[in-house]
Amino acid sequence: MNNGKFIRQIGKKGNGPGEYLIIFDFVVISDTIFISSTGKRSLIKYSVNGDFIEEFPTPGQHKMSWFSITPEKVFVSYNGLQNGKLYLFNKYLTKVDTVTIDYNAPKDSAPYMLADTYDYTFQNGGEKRFLFTNYMSDTVWYIHNCKKKIGYILNLGDKLLPEKYRYERLKGDFDRFMKVAIPYQKIKLLETPSFLFLFQKGWTEQNVNSIYVHDLAENTTLKYETSYIFDDLVGKQNLVPRYTSNNCILATINPIELKKELKNKRDYAKTGEDTPSPAWVEQINKVKEDDNQILVIMPVRNKTLKK
(Lines give C-alpha, C1' and ligand atoms only; values in the text may rest on other atoms or scores of the structure.)
Protein backbone atom coordinates (compact mmCIF):
# COMPACT_ATOMS: atom_id res chain seq x y z
CA MET A 1 0.00 0.00 0.00
CA ASN A 2 1.11 3.57 -0.65
CA ASN A 3 -0.96 6.39 0.90
CA GLY A 4 -3.78 3.89 1.24
CA LYS A 5 -3.64 2.73 -2.39
CA PHE A 6 -2.94 -0.85 -3.36
CA ILE A 7 0.41 -1.29 -5.12
CA ARG A 8 0.83 -5.00 -5.76
CA GLN A 9 0.14 -8.47 -4.43
CA ILE A 10 3.09 -10.51 -3.21
CA GLY A 11 2.83 -14.01 -4.66
CA LYS A 12 -0.51 -15.76 -4.70
CA LYS A 13 -2.64 -18.07 -2.60
CA GLY A 14 -2.38 -21.79 -3.19
CA ASN A 15 -0.61 -24.96 -2.10
CA GLY A 16 2.02 -25.18 -4.81
CA PRO A 17 5.65 -24.00 -4.92
CA GLY A 18 5.89 -20.30 -4.18
CA GLU A 19 2.27 -20.14 -3.03
CA TYR A 20 0.84 -19.64 0.46
CA LEU A 21 -2.40 -20.36 2.31
CA ILE A 22 -2.80 -18.25 5.48
CA ILE A 23 0.30 -16.22 6.31
CA PHE A 24 1.72 -16.93 9.75
CA ASP A 25 4.45 -14.31 9.68
CA PHE A 26 6.60 -12.29 7.30
CA VAL A 27 9.78 -10.24 7.41
CA VAL A 28 11.05 -7.70 4.88
CA ILE A 29 14.83 -7.37 4.49
CA SER A 30 15.96 -4.80 1.94
CA ASP A 31 14.36 -5.89 -1.36
CA THR A 32 13.38 -9.38 -0.15
CA ILE A 33 10.27 -10.67 1.64
CA PHE A 34 10.24 -13.93 3.63
CA ILE A 35 6.84 -15.53 4.37
CA SER A 36 5.79 -18.49 6.51
CA SER A 37 2.48 -20.13 5.66
CA THR A 38 0.08 -22.66 7.12
CA GLY A 39 0.44 -26.11 5.62
CA LYS A 40 4.16 -25.71 4.90
CA ARG A 41 7.39 -26.54 6.68
CA SER A 42 9.38 -23.97 4.76
CA LEU A 43 10.00 -20.27 4.15
CA ILE A 44 8.92 -18.65 0.89
CA LYS A 45 11.12 -15.94 -0.54
CA TYR A 46 9.80 -13.14 -2.78
CA SER A 47 11.16 -9.92 -4.21
CA VAL A 48 9.41 -6.70 -3.22
CA ASN A 49 8.14 -6.62 -6.81
CA GLY A 50 6.04 -9.64 -5.92
CA ASP A 51 8.09 -12.19 -7.86
CA PHE A 52 8.68 -15.64 -6.38
CA ILE A 53 12.39 -16.32 -5.85
CA GLU A 54 12.64 -19.63 -4.02
CA GLU A 55 11.16 -21.79 -1.30
CA PHE A 56 13.51 -23.52 1.08
CA PRO A 57 12.63 -26.12 3.71
CA THR A 58 13.37 -25.76 7.40
CA PRO A 59 15.75 -28.40 8.79
CA GLY A 60 14.56 -31.53 10.56
CA GLN A 61 11.37 -31.11 12.55
CA HIS A 62 11.76 -27.36 12.93
CA LYS A 63 9.02 -24.98 11.88
CA MET A 64 9.29 -21.26 11.24
CA SER A 65 5.64 -20.37 11.89
CA TRP A 66 6.56 -17.30 13.94
CA PHE A 67 9.97 -15.87 13.22
CA SER A 68 12.09 -12.75 12.95
CA ILE A 69 15.44 -11.81 11.44
CA THR A 70 18.12 -10.01 13.44
CA PRO A 71 20.16 -7.10 12.03
CA GLU A 72 22.96 -9.68 11.62
CA LYS A 73 20.65 -11.60 9.23
CA VAL A 74 20.11 -14.50 11.65
CA PHE A 75 16.68 -16.16 11.47
CA VAL A 76 15.04 -16.52 14.89
CA SER A 77 12.31 -19.15 15.29
CA TYR A 78 9.82 -18.92 18.17
CA ASN A 79 8.72 -22.54 17.85
CA GLY A 80 10.82 -23.58 20.84
CA LEU A 81 9.21 -21.10 23.20
CA GLN A 82 7.14 -23.75 24.96
CA ASN A 83 10.47 -25.14 26.15
CA GLY A 84 11.88 -21.69 26.90
CA LYS A 85 14.16 -21.57 23.86
CA LEU A 86 14.79 -19.59 20.70
CA TYR A 87 16.24 -21.41 17.70
CA LEU A 88 18.68 -19.44 15.55
CA PHE A 89 19.47 -20.22 11.90
CA ASN A 90 21.75 -18.73 9.30
CA LYS A 91 20.53 -17.55 5.88
CA TYR A 92 20.64 -21.12 4.57
CA LEU A 93 18.41 -22.28 7.45
CA THR A 94 20.98 -24.65 8.86
CA LYS A 95 20.85 -24.51 12.64
CA VAL A 96 23.25 -22.04 14.21
CA ASP A 97 22.50 -21.99 17.91
CA THR A 98 19.91 -22.28 20.68
CA VAL A 99 19.33 -19.45 23.15
CA THR A 100 17.56 -20.24 26.42
CA ILE A 101 15.14 -17.43 27.20
CA ASP A 102 13.28 -19.02 30.09
CA TYR A 103 15.14 -21.40 32.40
CA ASN A 104 11.91 -21.87 34.39
CA ALA A 105 9.96 -23.34 31.49
CA PRO A 106 8.26 -26.45 32.92
CA LYS A 107 10.02 -29.69 32.10
CA ASP A 108 7.38 -31.94 33.66
CA SER A 109 4.34 -30.80 31.66
CA ALA A 110 3.22 -30.84 28.07
CA PRO A 111 5.04 -28.26 25.91
CA TYR A 112 2.29 -25.69 25.46
CA MET A 113 1.82 -22.07 26.41
CA LEU A 114 -0.99 -19.54 26.42
CA ALA A 115 -0.78 -16.86 23.73
CA ASP A 116 -3.31 -14.36 22.47
CA THR A 117 -3.34 -12.00 19.49
CA TYR A 118 -1.19 -9.57 21.45
CA ASP A 119 1.56 -12.21 21.68
CA TYR A 120 1.68 -13.15 18.01
CA THR A 121 5.00 -11.41 17.84
CA PHE A 122 7.22 -11.74 20.88
CA GLN A 123 9.81 -9.45 19.36
CA ASN A 124 10.08 -5.90 20.65
CA GLY A 125 11.95 -3.02 19.09
CA GLY A 126 12.97 -2.70 15.46
CA GLU A 127 15.63 -3.00 12.81
CA LYS A 128 18.45 -1.54 14.96
CA ARG A 129 18.56 -4.53 17.31
CA PHE A 130 16.55 -7.62 18.10
CA LEU A 131 14.64 -7.22 21.39
CA PHE A 132 12.66 -10.09 22.85
CA THR A 133 10.45 -11.09 25.79
CA ASN A 134 8.11 -13.98 26.56
CA TYR A 135 6.37 -11.91 29.31
CA MET A 136 7.36 -14.41 32.01
CA SER A 137 10.00 -12.04 33.39
CA ASP A 138 10.20 -8.26 33.36
CA THR A 139 13.48 -8.35 31.42
CA VAL A 140 13.52 -7.45 27.74
CA TRP A 141 16.50 -9.20 26.16
CA TYR A 142 18.37 -8.40 23.02
CA ILE A 143 19.99 -11.02 20.84
CA HIS A 144 23.39 -10.17 19.36
CA ASN A 145 25.89 -12.57 17.78
CA CYS A 146 23.68 -15.46 18.93
CA LYS A 147 23.99 -14.38 22.58
CA LYS A 148 21.34 -13.11 25.01
CA LYS A 149 21.97 -9.75 26.70
CA ILE A 150 19.85 -7.43 28.86
CA GLY A 151 18.11 -4.67 26.91
CA TYR A 152 15.65 -3.26 29.47
CA ILE A 153 14.31 -4.19 32.90
CA LEU A 154 10.68 -3.12 33.29
CA ASN A 155 10.43 -3.56 37.09
CA LEU A 156 6.82 -4.77 37.11
CA GLY A 157 6.99 -5.69 40.79
CA ASP A 158 3.79 -7.35 42.03
CA LYS A 159 2.21 -6.93 38.58
CA LEU A 160 4.45 -9.67 37.14
CA LEU A 161 2.70 -13.03 36.73
CA PRO A 162 4.03 -15.33 39.49
CA GLU A 163 5.77 -18.48 38.34
CA LYS A 164 3.23 -20.67 40.16
CA TYR A 165 0.38 -19.16 38.12
CA ARG A 166 1.81 -19.57 34.66
CA TYR A 167 -0.52 -21.50 32.40
CA GLU A 168 1.75 -24.54 32.11
CA ARG A 169 1.97 -24.90 35.90
CA LEU A 170 -1.82 -25.13 36.05
CA LYS A 171 -1.68 -28.01 33.56
CA GLY A 172 -3.85 -26.24 31.03
CA ASP A 173 -6.72 -25.41 33.40
CA PHE A 174 -7.89 -22.38 31.43
CA ASP A 175 -10.76 -21.41 33.75
CA ARG A 176 -8.52 -21.39 36.80
CA PHE A 177 -5.85 -19.41 34.96
CA MET A 178 -8.40 -16.77 33.93
CA LYS A 179 -9.28 -16.29 37.61
CA VAL A 180 -5.83 -16.20 39.22
CA ALA A 181 -4.16 -14.16 36.45
CA ILE A 182 -6.57 -11.19 36.60
CA PRO A 183 -4.26 -8.80 38.56
CA TYR A 184 -1.14 -9.43 36.47
CA GLN A 185 0.16 -7.44 33.53
CA LYS A 186 2.47 -7.85 30.56
CA ILE A 187 4.19 -5.11 28.59
CA LYS A 188 5.28 -4.91 24.98
CA LEU A 189 8.10 -2.43 24.37
CA LEU A 190 8.81 -0.73 21.05
CA GLU A 191 12.01 1.22 20.53
CA THR A 192 12.44 4.29 18.31
CA PRO A 193 15.36 6.78 18.17
CA SER A 194 13.62 9.34 20.42
CA PHE A 195 10.94 7.42 22.32
CA LEU A 196 10.11 4.10 23.92
CA PHE A 197 6.48 3.00 23.60
CA LEU A 198 5.24 0.54 26.21
CA PHE A 199 1.87 -1.14 25.70
CA GLN A 200 0.42 -2.72 28.84
CA LYS A 201 -2.38 -5.26 29.04
CA GLY A 202 -3.66 -7.76 31.56
CA TRP A 203 -3.08 -11.47 31.01
CA THR A 204 -6.85 -12.00 30.88
CA GLU A 205 -7.69 -8.87 28.85
CA GLN A 206 -8.08 -8.67 25.09
CA ASN A 207 -6.99 -5.06 24.69
CA VAL A 208 -4.24 -2.77 25.94
CA ASN A 209 -5.24 -0.83 29.08
CA SER A 210 -2.36 1.67 29.27
CA ILE A 211 0.25 3.17 26.97
CA TYR A 212 3.50 4.67 28.30
CA VAL A 213 5.64 7.00 26.19
CA HIS A 214 9.20 7.48 27.46
CA ASP A 215 11.18 10.43 26.08
CA LEU A 216 14.80 9.25 25.90
CA ALA A 217 16.31 12.75 25.73
CA GLU A 218 14.27 14.16 28.62
CA ASN A 219 14.20 10.89 30.61
CA THR A 220 10.50 11.43 31.30
CA THR A 221 7.58 9.03 30.98
CA LEU A 222 3.94 9.85 30.28
CA LYS A 223 1.16 7.36 30.99
CA TYR A 224 -2.07 7.24 28.98
CA GLU A 225 -4.85 5.05 30.38
CA THR A 226 -6.27 4.14 27.01
CA SER A 227 -6.30 1.17 24.64
CA TYR A 228 -5.47 3.12 21.51
CA ILE A 229 -3.21 5.70 19.95
CA PHE A 230 -5.71 8.25 18.71
CA ASP A 231 -5.94 8.91 14.99
CA ASP A 232 -8.87 11.00 13.79
CA LEU A 233 -8.73 9.28 10.41
CA VAL A 234 -9.57 5.77 11.58
CA GLY A 235 -11.16 6.44 14.97
CA LYS A 236 -10.46 4.27 18.00
CA GLN A 237 -9.22 1.15 16.24
CA ASN A 238 -7.60 -1.54 18.37
CA LEU A 239 -4.19 -2.12 16.81
CA VAL A 240 -1.65 -4.84 17.54
CA PRO A 241 1.74 -3.06 17.68
CA ARG A 242 4.37 -5.36 16.23
CA TYR A 243 7.58 -3.68 15.19
CA THR A 244 9.37 -0.41 14.47
CA SER A 245 11.13 0.44 11.22
CA ASN A 246 12.46 3.71 9.80
CA ASN A 247 11.13 5.52 12.87
CA CYS A 248 7.60 4.21 12.31
CA ILE A 249 5.49 1.93 14.49
CA LEU A 250 4.08 -0.94 12.47
CA ALA A 251 0.79 -2.40 13.65
CA THR A 252 -1.87 -4.69 12.25
CA ILE A 253 -5.64 -4.88 12.16
CA ASN A 254 -7.44 -8.22 11.99
CA PRO A 255 -9.93 -8.05 9.06
CA ILE A 256 -12.60 -10.03 10.93
CA GLU A 257 -12.42 -7.69 13.93
CA LEU A 258 -12.30 -4.67 11.63
CA LYS A 259 -15.52 -5.62 9.83
CA LYS A 260 -17.25 -6.17 13.18
CA GLU A 261 -16.02 -2.81 14.53
CA LEU A 262 -17.14 -0.97 11.40
CA LYS A 263 -20.61 -2.49 11.68
CA ASN A 264 -20.85 -1.44 15.33
CA LYS A 265 -19.76 2.09 14.48
CA ARG A 266 -22.34 2.35 11.70
CA ASP A 267 -25.04 1.03 14.03
CA TYR A 268 -24.22 2.97 17.19
CA ALA A 269 -21.62 5.71 16.69
CA LYS A 270 -22.47 9.38 16.50
CA THR A 271 -20.47 12.08 14.76
CA GLY A 272 -17.25 12.71 16.68
CA GLU A 273 -13.95 11.12 17.53
CA ASP A 274 -15.38 7.59 17.51
CA THR A 275 -16.42 7.91 13.88
CA PRO A 276 -13.81 7.07 11.22
CA SER A 277 -13.31 9.25 8.16
CA PRO A 278 -15.93 8.52 5.43
CA ALA A 279 -13.11 8.32 2.86
CA TRP A 280 -11.32 5.73 4.97
CA VAL A 281 -14.52 3.74 5.52
CA GLU A 282 -15.19 3.70 1.77
CA GLN A 283 -11.72 2.34 1.10
CA ILE A 284 -11.68 -0.19 3.94
CA ASN A 285 -15.11 -1.56 2.93
CA LYS A 286 -13.24 -3.42 0.18
CA VAL A 287 -11.57 -5.57 2.84
CA LYS A 288 -12.90 -9.14 3.09
CA GLU A 289 -13.01 -11.13 6.31
CA ASP A 290 -10.68 -13.82 4.92
CA ASP A 291 -8.02 -11.29 3.89
CA ASN A 292 -4.64 -11.32 5.59
CA GLN A 293 -3.80 -8.77 8.30
CA ILE A 294 -3.94 -5.08 7.36
CA LEU A 295 -0.66 -3.22 7.93
CA VAL A 296 -0.83 0.17 9.67
CA ILE A 297 2.19 2.53 9.56
CA MET A 298 2.46 5.30 12.17
CA PRO A 299 5.39 7.78 11.84
CA VAL A 300 7.01 8.82 15.14
CA ARG A 301 8.63 12.21 15.76
CA ASN A 302 12.43 11.91 15.64
CA LYS A 303 14.05 14.45 17.98
CA THR A 304 17.56 13.27 17.09
CA LEU A 305 17.44 14.79 13.60
CA LYS A 306 19.22 18.12 13.24
CA LYS A 307 17.01 21.04 12.26
# chains A, B, ... in the order shown; residues from 1 in each chain; ligands from 1
$ residues_around --residues "range 39-42 of chain A" --least-positions-apart "3" --cutoff "12 Å" --atoms "only C-alpha atoms" --output "count of residues only"
35
$ residues_around --residues "Pro255 in chain A" --least-positions-apart "2" --cutoff "7 Å" --atoms "only C-alpha atoms" --output "list of chain:residue names"
A:Ile253, A:Glu257, A:Leu258, A:Lys259, A:Val287, A:Lys288, A:Glu289, A:Asp291, A:Gln293, A:Ile294
$ select_by_dssp --residues "range 31-199 of chain A" --states "helix (DSSP H, G or I)" --output "ChimeraX atom specification"
/A:81-83,117-119,157-159,163-165,167-170,174-180
$ atom_distance --atom1 "CA of Lys164 in chain A" --atom2 "CA of Tyr184 in chain A"
12.6 Å
$ closest_residue --among "A:Thr38, A:Gln9, A:Thr204, A:Thr70" --to "Leu161 in chain A" --atoms "only C-alpha atoms"
A:Thr204
$ closest_residue --among "A:Val300, A:Val180, A:Ile153, A:Val48" --to "Trp141 in chain A" --atoms "only C-alpha atoms"
A:Ile153
$ atom_distance --atom1 "CA of Asn155 in chain A" --atom2 "CA of Lys171 in chain A"
27.5 Å
$ closest_residue --among "A:Ile256, A:Leu189, A:Val74, A:Ile10" --to "Ile44 in chain A" --atoms "only C-alpha atoms"
A:Ile10
